[in-house]
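J.: My questions all concern the structure below.
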Amino acid sequence: MDAGLKRELEDKVSAGERLTRADGEALYASDDLAWLGRLAHQKRTERSGDRVMFNVNRHLNLTNVCSAACAYCSFQRKPGEKDAYTMRVEEAVAKASEMKDEQLTELHIVNGLHPTLPWKYYPRVLRELKAALPGVSLKAFTATEIHWFEKISGRPADEILDELIDAGLESLTGGGAEIFDWEVRQHIVDHATHWEDWSRIHRLAHGKGLKTPSTMLYGHIEEHRHRVDHVLRLRELQDETGGFQVFIPLRYQHDFVDSADGKIRNRLQERTTMAAPAESLKTFAVSRLLFDNVPHVKCFWVMHGLSVAQLSLNFGADDLDGSVVEYKITHDADNYGTPATMHREDLLNLIWDAGFQPVERNTRYEIVREHEPPVPLALRRAEPQQVWAA
C-alpha cells in the first residue's frame, strides 16, 4: 500500500468516516500489521477504553445428529452413527445445572438439524432449563435452526420466535452465517439457509426486541473480498435494525483428525489450512474498522488460542466470550489444544495479563461486575519492570 492511500485511510478513520468496500479490500491487502492494529485499536479504545468484556457461560449442544453435511463440519453425525447423541430434556437440565453454583449467567445452545426430533422438543427444553436456572439467560439456536424449525413445524419463523421467547429465549446465536457470498457458500454449506433467510430471521428477532450476535467463518476457501462483502451485508442490516450487539470472526478449524472416531468428515481439509495468527489479527482489525455501527467485536478464544486472544485485544476486539465449559463443535473436531473450560479467575488473569480491565457482563451486555486486579498485580504494573542483564 502506498503512503498516500495509507494517509487517506488514516484520515477517514480519525474523522469517523464510513469505510467503503474498496477501503476494506485495501486494508486486507496491506502487509503492515502494526499499522492496521493501531488503526483498529484507536476505534476500539474510542468505544470501550481499556475494558474487555466476558461472561460466565456454558455451551450446551442438545444433539449432534444433523440432516446436513456441511463441507467444513466434523461435529455432525447421522442417525445410528457411532457417537451420535440426542439429550433427553431431563439430561440437558442436569448437565446445565452442573454450573449453577458458579454464578452462571448464560447458556449457549446450538445443535444439529435433527431429522426426526419434533418441533415441540425445543420450546420444552427452554422452559425446563429456565425453570431450573431462572437467573440464567438462554442464548439459543442459529438462524439455520430457526429455518429448520419452520420446515419441521409448518409454522412461520414469526410464530416460532414468539413461542421460543415465551419459553425463555433471550437471544439467538450468530451461527449459520459462515460466508454469505454464493460464490463460496455453495461449496461449504449443505442446508437451505442462505443470506436471504439468515437475514430475514435476524430481522424478525430484532423486531421482537431480541439483541443477537453476528458471525463470520473465515480462513477456508474464501478470499478477502468475500470477507469484506460479508461484513458490509451485516453492516447494512445493522443500519436497518440496530439489533446486533457483537461481531464474532470465527476461525475455520482444519481437522487433523476427528478426536472421537478417527474419521475425517471435513471435505475441505485437503485444500485448506488454518489461518495464521497474523491473518486472524488482520481479520479482527479490518472487521472493527468496517463495523462502525456494531458496539463490540469478540474473540472466541476457543477457536483462536489464548495467545492470539490476548493479542486480538490490541487489534479491535473488546470481548473474550466466556467460560464456555464444553464446546463440542470444536473439541469433537480437532486436536487444536485450547482448554475445554476457562473459569472466571482464568479469564480475569488472561485479561489482566494482556494489560486490560476485565468487565463481567450478561447476555444483554449489561455490566455484572468490574474486576479490579489484585494488589500485587496492580503494584507491579504501576512501575516499569526492570530488565536484568544475563
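Lettering and numbering for the C-alpha cells are positional, with chains as A, B, ... in the shown order, residues counted from 1 in each chain, and ligands counted from 1 in the shown order.
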Just the residues within 12 Å of Arg225 (chain A), please, counting only C-alpha atoms, with nothing from its chain fewer than 4 positions along; format it as a list in words.
T.: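 Here the answer would be Thr20, Arg21, Ala22, Asp23, Gly24, Glu25, Ala26, Leu27, Tyr28, Ala29, Ile179, Phe180, Asp181, Glu183, Val184, Tyr218, Ile221, Asp229, His230, Val231, Leu232, Thr283 and Val286 of chain A.
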J.: Next, the residues of the selection above should be written as a tab-separated table (two decimals), in the first residue's frame with C-alpha atoms.
T.:
chain	number	residue	atom	x	y	z
A	20	THR	CA	-16.16	1.61	1.70
A	21	ARG	CA	-15.86	-1.80	0.08
A	22	ALA	CA	-12.70	-0.61	-1.69
A	23	ASP	CA	-11.30	0.62	1.63
A	24	GLY	CA	-11.92	-2.76	3.24
A	25	GLU	CA	-10.18	-4.60	0.43
A	26	ALA	CA	-7.26	-2.15	0.60
A	27	LEU	CA	-6.90	-2.75	4.35
A	28	TYR	CA	-6.78	-6.50	3.81
A	29	ALA	CA	-4.15	-6.00	1.09
A	179	ILE	CA	-19.62	-16.71	4.33
A	180	PHE	CA	-22.71	-15.25	2.65
A	181	ASP	CA	-21.39	-14.80	-0.88
A	183	GLU	CA	-19.53	-17.96	-4.89
A	184	VAL	CA	-18.11	-19.51	-1.70
A	218	TYR	CA	-13.04	-17.21	7.80
A	221	ILE	CA	-11.64	-21.18	0.68
A	229	ASP	CA	-18.76	-8.39	1.37
A	230	HIS	CA	-19.92	-10.44	4.38
A	231	VAL	CA	-19.26	-7.62	6.83
A	232	LEU	CA	-20.91	-4.99	4.61
A	283	THR	CA	-9.32	-10.00	10.26
A	286	VAL	CA	-10.41	-4.84	9.41
J.: Quick one: residues within 8 Å of region 126-142 of chain A, only C-alpha atoms, excluding same-chain residues fewer than 4 positions away - as a list in words?
T.: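 So, after excluding close chain neighbours, the residues are Val89, Ala92, Val93, Ala96, Ser97, Lys100, Leu104, Thr105, Glu106, Leu107, His108, Ile109, Val110, Asn111, Tyr122, Ile146, Leu164, Ala167, Gly168, Leu169, Glu170, Ser171, Leu172, Thr173, Gly174, Gly175, Gly176, Asn362 and Thr363 of chain A.
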J.: Just asking: which residues within region 77-242 of chain A are strand (DSSP E) according to DSSP, as an NGL selection string?
T.: :A and (106-109 or 137-140 or 169-171 or 212-218)
J.: Store the residues of this selection in a file with C-alpha atoms, as a PDB file, in the first residue's frame.
T.:
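Ended up saving to again38.pdb:
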ATOM      1  CA  GLU A 106     -25.775 -17.681  30.144  1.00  0.00           C
ATOM      2  CA  LEU A 107     -26.496 -20.946  28.389  1.00  0.00           C
ATOM      3  CA  HIS A 108     -25.392 -21.007  24.743  1.00  0.00           C
ATOM      4  CA  ILE A 109     -27.341 -23.691  22.871  1.00  0.00           C
ATOM      5  CA  SER A 137     -30.138 -16.158  30.085  1.00  0.00           C
ATOM      6  CA  LEU A 138     -30.910 -18.550  27.241  1.00  0.00           C
ATOM      7  CA  LYS A 139     -28.994 -17.742  24.064  1.00  0.00           C
ATOM      8  CA  ALA A 140     -30.183 -20.473  21.756  1.00  0.00           C
ATOM      9  CA  LEU A 169     -35.347 -17.322  24.776  1.00  0.00           C
ATOM     10  CA  GLU A 170     -33.387 -14.068  25.193  1.00  0.00           C
ATOM     11  CA  SER A 171     -31.098 -14.161  22.159  1.00  0.00           C
ATOM     12  CA  THR A 212     -28.265 -11.023  18.642  1.00  0.00           C
ATOM     13  CA  PRO A 213     -24.633 -11.678  17.703  1.00  0.00           C
ATOM     14  CA  SER A 214     -23.340 -11.921  14.146  1.00  0.00           C
ATOM     15  CA  THR A 215     -20.506 -14.132  12.932  1.00  0.00           C
ATOM     16  CA  MET A 216     -18.228 -14.932  10.005  1.00  0.00           C
ATOM     17  CA  LEU A 217     -16.327 -18.181   9.439  1.00  0.00           C
ATOM     18  CA  TYR A 218     -13.039 -17.211   7.804  1.00  0.00           C
TER      19      TYR A 218
END
